[in-house]
Amino acid sequence: MTSMITTATWVPRGFAAPFPAKYNFDEDEFERIANLAKLQLDDANEELEEAQEEEKNGADSDKDADDSEDKASSHDGEAEDIDIDDDDLKKYDLEHYDDDDEDAEGQRMDMFGNIKSLAYYESNKDDPYITIPDGEDDEDDDREELQILATDNLLLAAKVEDELAHLEVYVYEDEADNLYVHHDIMLPAIPLCVEWLDIPVSKSNVEKDSIANFVAVGTMDPDIEVWDLDTIDCMYPNAILGQGANPEEEGKKKKKKKSKKANDEYHVDAVLSLAANRKHRNLLASASADKTVKLWDLHTTKCAKSYSYHTDKVCSLAWHSVESTVLLSGSYDRTIVAADMRAPEAKAPRWGVESDVENVRWDPHDPNFFYVSTENGIIHYHDIRNAPPNPSASKPVWTLQAHDESLSSFDINAHIPGFMATGSTDKTVKLWNIQPTGPAMVVSRNLDVGKVFATNFAPDAEVAFRLAVAGSKGTMNVWDTSTNGAVRQAFAHKISNKSEGGEIRERLIGVEEDESSSEDEGGEGGDDENGEPESMDED
């Protein structure tokens, strides 16, 4: 079975519900799903009636065939009469086999003589000796298993196994060196991007601007699905952003092939990137292979505005941390645009790179700079104040040939200035120390996840050195980079020396296999496949 994790993201501590709710499929929920999916119930009922009629007709014909077979077999068996007076059958008294034996003599089968004096209760609730109601013990066990502590982090991974696509929700317990799958969400197509949301979307009985724990998922389909992470075993998303949420378009889609022409209402091709605005929390930006960027209002689940800054697929987005209306977008047309969403008609500054853009990031420690990774394995570091007159005249502050193959993922640590992680299709993860003179590699590592598609630092200061790494082998690992000697030396001023005097073993935490083995993936020290402690290849 082949599996692959295409993308991943963290959920900060304190946002997940301590006890996630079980999905309740009642009449109201059915009505919500019917309205959301715009189901053609009349057509479905007609199809059901037709299927039942066909089944009934088929059953009648089968019954007629069986009757004819029974008649034939009974005719064939008339020649063989059973003689019940046969000596071997007499002892079984077959003539009185079904008679009641009320007056039959014999020993009583009662185990206890006073059996009639025992009390019997129709319901266990009435029995004073049964103190735990039916099912309550099991419910308590399930509730305890689903509990998420305030010190736990959620880690979301978009996974494909053979033809099955789903979002795995991991719980990472840092103190216990434990990583496990809490629950998962089925997806309609191969997932390409995941964005955590802190606002409720189409959720009843809650304030629209309250704090919540949701996720938006972009896939090979043009629709964006929004799910509630605090509800287990959901059957359908809370909201769909796109054509799937439009009843008229849904009806047209059944009659004719969906148009691939880009428009201002919804995407018509795969969704490649999502970016939630942390200051204007109801805004979600999406980038698509249809060459457009769209801005969604999560209160209405409608597209507020569509932008066409690029001439090829738009693959990465990032909101500015200070100027919250400025959006950075990168495209396969080898350009990066920083545009103010309030002024769609204004000419936006544009930078050029040598190959297709993979990812873009703002510098969290200096909002005047941004990073760009490319298909050629190069990272460009630009100053937004030095916008070129045309993309070909772009002059980065520095460039870094980080990998020999596509630089598929990278992240900048928000709590530790100058700490950068890069991942590539060359199957290596590299850690960098960015200094005023430029970046210097701290360590290079193959974590045995295959081609690396996700490298994400944990969002909380308490676990700032934890790096989530996943790739084409479908496994998720959390690497505590502070336990590596080279990292400790490079960022000594940021690492507490709790273990001074003793040897510090490297921590690589993965999901434990179901089958017991001598190798403990979830324990400290991160043993490799041969059972030996994993080590870094340090420069």
# chains A, B, ... in the order shown; residues from 1 in each chain; ligands from 1
call {"tool": "residues_around", "arguments": {"residues": "Thr219 (chain A)", "least_positions_apart": "4", "cutoff": "6 Å", "atoms": "only C-alpha atoms", "output": "mmCIF file with N, CA and C atoms, in the first residue's frame"}}
result
data_model
loop_
_atom_site.group_PDB
_atom_site.id
_atom_site.type_symbol
_atom_site.label_atom_id
_atom_site.label_comp_id
_atom_site.auth_asym_id
_atom_site.auth_seq_id
_atom_site.Cartn_x
_atom_site.Cartn_y
_atom_site.Cartn_z
ATOM 1 N N ALA A 189 -10.873 14.318 -2.589
ATOM 2 C CA ALA A 189 -9.826 14.240 -3.608
ATOM 3 C C ALA A 189 -8.469 14.426 -2.947
ATOM 4 N N ILE A 190 -7.413 14.296 -3.725
ATOM 5 C CA ILE A 190 -6.052 14.424 -3.193
ATOM 6 C C ILE A 190 -5.871 15.810 -2.582
ATOM 7 N N PRO A 191 -5.529 15.890 -1.291
ATOM 8 C CA PRO A 191 -5.354 17.198 -0.640
ATOM 9 C C PRO A 191 -4.018 17.836 -1.017
ATOM 10 N N LEU A 192 -4.051 19.152 -1.225
ATOM 11 C CA LEU A 192 -2.855 19.879 -1.642
ATOM 12 C C LEU A 192 -2.427 20.952 -0.646
ATOM 13 N N VAL A 271 -7.079 23.702 -5.994
ATOM 14 C CA VAL A 271 -6.699 24.745 -5.039
ATOM 15 C C VAL A 271 -5.323 24.390 -4.481
#
call {"tool": "closest_atom_pairs", "arguments": {"of": "region 303-394 of chain A", "to": "region 276-295 of chain A", "cutoff": "8 Å", "atoms": "only C-alpha atoms", "output": "tab-separated table"}}
result
residue	atom	partner	partner_atom	distance
A:Cys303	CA	A:Leu295	CA	5.8
A:Ala304	CA	A:Leu295	CA	5.5
A:Lys305	CA	A:Leu295	CA	5.2
A:Ser306	CA	A:Lys294	CA	4.4
A:Tyr307	CA	A:Val293	CA	5.1
A:Ser308	CA	A:Thr292	CA	4.9
A:Tyr309	CA	A:Thr292	CA	7.2
A:His310	CA	A:Lys291	CA	6.0
A:Thr311	CA	A:Lys291	CA	6.2
A:Asp312	CA	A:Lys291	CA	5.2
A:Lys313	CA	A:Ala289	CA	4.2
A:Val314	CA	A:Ala287	CA	5.3
A:Cys315	CA	A:Ala287	CA	6.2
A:Ser316	CA	A:Ala287	CA	6.8
A:Leu317	CA	A:Ala287	CA	7.0
A:Trp319	CA	A:Asn277	CA	6.4
A:Ser324	CA	A:Lys279	CA	6.5
call {"tool": "residues_around", "arguments": {"residues": "region 153-157 of chain A", "least_positions_apart": "4", "cutoff": "9 Å", "atoms": "only C-alpha atoms", "output": "number ranges by chain"}}
result
A: 5-14, 16, 148-149, 166-174, 182, 194, 196, 215, 458, 460, 468, 470, 476
call {"tool": "residues_around", "arguments": {"residues": "Val478 (chain A)", "least_positions_apart": "4", "cutoff": "6 Å", "atoms": "only C-alpha atoms", "output": "PyMOL selection string"}}
result
chain A and resi 467-468+508-509
call {"tool": "write_last_selection", "arguments": {"atoms": "C-alpha atoms", "output": "short mmCIF file (atom, residue, chain, number, x, y, z; two decimals), in the first residue's frame"}}
result
data_model
loop_
_atom_site.label_atom_id
_atom_site.label_comp_id
_atom_site.auth_asym_id
_atom_site.auth_seq_id
_atom_site.Cartn_x
_atom_site.Cartn_y
_atom_site.Cartn_z
CA LEU A 467 10.00 20.52 13.70
CA ALA A 468 7.29 18.43 12.02
CA LEU A 508 12.81 12.03 16.97
CA ILE A 509 9.20 11.22 17.78
#
call {"tool": "atom_distance", "arguments": {"atom1": "CA of Phe410 (chain A)", "atom2": "CA of Phe453 (chain A)"}}
result
9.1 Å
call {"tool": "atom_distance", "arguments": {"atom1": "CA of Ile240 (chain A)", "atom2": "CA of Val226 (chain A)"}}
result
6.2 Å
